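> The structure is given below, and queries will be raised subsequently.
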Amino acid sequence: MFSYVVAGIAIFLFVCNPVLQYFSPQPSRLPRTPRPPINESLLAIDGPNQTAPDCPPDAYSIHIVSKAPLVIYIENFLSEDERAHLLEISEPLFEPSTVTSDGDTTRRDALVRDSEVAATPRTDAVRCVERRALAFQGWRRDLWLERLRTQRYRPAGHYAHHFDWGSGARGWGRVSSFMAWVHVDGGGDVGGGTEFPLLRREGGGGRWCRWVECAEGGEEGEGEGEGVTFKPVAGNAVFWENFMPDGSGRGWDESWHAGLPVKKGTKVGLNIWSWGRLS
């Protein structure tokens, strides 16, 4: 009897299931439409006579966390000098962070988002970080960076679970995100991790425990499965894509994330968002 059950499962997996998938309706691709109107002052765009900055060579290394969605952990994305510069130019510009429900109006809601934000001036050092972020994505066509923003979190500061992307129905949107850590103090367990509760990371075990929260002891094989929390490590970053690559405009549920409450000290992060064509 057992052999018949095994045979039945095999037939379903290798014969019936592919047939069902073939006849199942596939998500339709979005039509290619012109770029919608956008306030270009929100984008990191060089002027026509602006010369390229003299940037140092990249010194980062990468580790693939997930392929679907694409999530990459980046060591040494920001140099020590770049981090010091970002702190210096952000300090006089920090103001309370806001949230929005419709993309147009904003409001202060510390229950959802308790932090301070600064739109960083586009100095040569900042433009070098911008160029690094674009190069990391292969200099894609129809892709622009939004103006870089630093976020400062003090004890209990947090950002509740959210998506970086809105609707992709028009074929344009916030394609990808970087979360880079500029400054972390307090020592020991400072909290403030970036949590992806729906993201599945397979393999790696204890090797990941330098950068992600693991079970106590961090033994090999622990920390796997659903849900990943990245520790705030100054200079490092995590990159993820927000939309599926099938041109349907559907976002990844796994990109739902939060900035967990800071337990002690101060955390300063750098948001790098890419906006452009989805298909």
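Labels used: A, B, ... for chains in the order of the structure tokens, numbers from 1 for residues in each chain, and numbers from 1 for ligands as shown.
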Would you pick out the contacts of Ala180 in chain A at 7 Å or less, using only C-alpha atoms, so that residues sharing its chain but fewer than 6 positions from it are not included, and give the list as a PyMOL selection string?

chain A and resi 235-238+269-271

> Using only C-alpha atoms, can you tell me which of A:Phe77, A:Trp144, A:Phe163, A:Trp211 comes closest to Gly251 in chain A?

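Nearest to Gly251 in chain A: A:Phe163.
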
> What separation in Å, quoted to one decimal, exists between CA of Ala119 in chain A and CA of Val182 in chain A?

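Between these atoms lies a distance of 14.3 Å.
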
> Which residues, written as a ChimeraX atom specification, have at least one atom at most 12 Å from His158 in chain A, with only C-alpha atoms counted and residues fewer than 3 positions away on the same chain left out?

/A:97,109-116,151-155,161-162,191-195,257-263,266-269

> May I ask which of the residues A:Trp256, A:Trp208, A:Trp273, A:Trp181 is the closest one to Glu80 in chain A, counting only C-alpha atoms?

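Checking each of A:Trp256, A:Trp208, A:Trp273, A:Trp181 against Glu80 in chain A, counting only C-alpha atoms, the winner is A:Trp181.
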
> From the set A:Trp275, A:Phe178, A:Trp172, A:Trp165, which residue has the shortest atom-to-atom contact distance to Asp253 in chain A, counting only C-alpha atoms?

A:Trp165

> Mind the document's chain letters and residue numbers, and return as a ChimeraX atom specification the residues of range 8-192 of chain A that DSSP labels strand (DSSP E).

/A:61-67,70-75,95-96,113-114,116-119,143-145,149-153,158-162,172-184

> Counting only C-alpha atoms, give me one row per residue of range 196-266 of chain A with an atom at most 12 Å from an atom of range 31-54 of chain A, showing the shortest contact pair and its distance in Å to one decimal, sorted by chain then residue number, as a tab-separated table.


residue	atom	partner	partner_atom	distance
A:Gly247	CA	A:Pro31	CA	8.7
A:Ser248	CA	A:Pro31	CA	9.2
A:Gly249	CA	A:Pro31	CA	10.2

> Kindly save the residues from that selection, with C-alpha atoms included, as a CSV table (one decimal), in the first residue's frame.


chain,number,residue,atom,x,y,z
A,247,GLY,CA,7.1,42.7,-14.7
A,248,SER,CA,3.7,42.3,-13.0
A,249,GLY,CA,4.2,45.2,-10.5

> Skipping near chain neighbours, those fewer than 6 positions away, what residues fall within 9 Å of Ile62 in chain A using only C-alpha atoms, listed as a PDB file with N, CA, C and O atoms, in the first residue's frame?


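Just written: out-v8.pdb:
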ATOM      1  N   ILE A  72      20.847  41.064  -0.151  1.00  0.00           N
ATOM      2  CA  ILE A  72      22.306  40.939  -0.093  1.00  0.00           C
ATOM      3  C   ILE A  72      22.832  41.710   1.112  1.00  0.00           C
ATOM      4  O   ILE A  72      22.490  42.884   1.297  1.00  0.00           O
ATOM      5  N   TYR A  73      23.664  41.056   1.891  1.00  0.00           N
ATOM      6  CA  TYR A  73      24.330  41.730   3.006  1.00  0.00           C
ATOM      7  C   TYR A  73      25.681  42.233   2.519  1.00  0.00           C
ATOM      8  O   TYR A  73      26.420  41.518   1.840  1.00  0.00           O
ATOM      9  N   ILE A  74      26.020  43.485   2.879  1.00  0.00           N
ATOM     10  CA  ILE A  74      27.223  44.134   2.360  1.00  0.00           C
ATOM     11  C   ILE A  74      28.108  44.567   3.528  1.00  0.00           C
ATOM     12  O   ILE A  74      27.698  45.374   4.364  1.00  0.00           O
ATOM     13  N   GLU A  75      29.317  44.047   3.559  1.00  0.00           N
ATOM     14  CA  GLU A  75      30.296  44.478   4.554  1.00  0.00           C
ATOM     15  C   GLU A  75      31.082  45.672   4.015  1.00  0.00           C
ATOM     16  O   GLU A  75      31.430  45.723   2.838  1.00  0.00           O
TER      17      GLU A  75
END

> Would you return as a PyMOL selection string the members of range 5-204 of chain A that DSSP assigns to helix (DSSP H, G or I) on this structure's backbone?

chain A and resi 5-23+40-42+80-93+124-136

> Restricting the calculation to only C-alpha atoms: of A:Ala125, A:Leu30, A:Val99, A:Leu93, which residue gets closest to Asp164 in chain A?

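When distances to Asp164 in chain A are compared using only C-alpha atoms, the smallest one comes from A:Val99.
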
> For range 120-123 of chain A, please output as a ChimeraX atom specification all residues within 7 Å (counting only C-alpha atoms; exclusion window: fewer than 6 positions along the same chain).

/A:89-90,148-150

> Between A:Thr106, A:Thr98, A:Ser61, A:Ser66, which has the minimum distance to Gly227 in chain A (counting only C-alpha atoms)?

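For Gly227 in chain A, the nearest of the candidates is A:Ser66.
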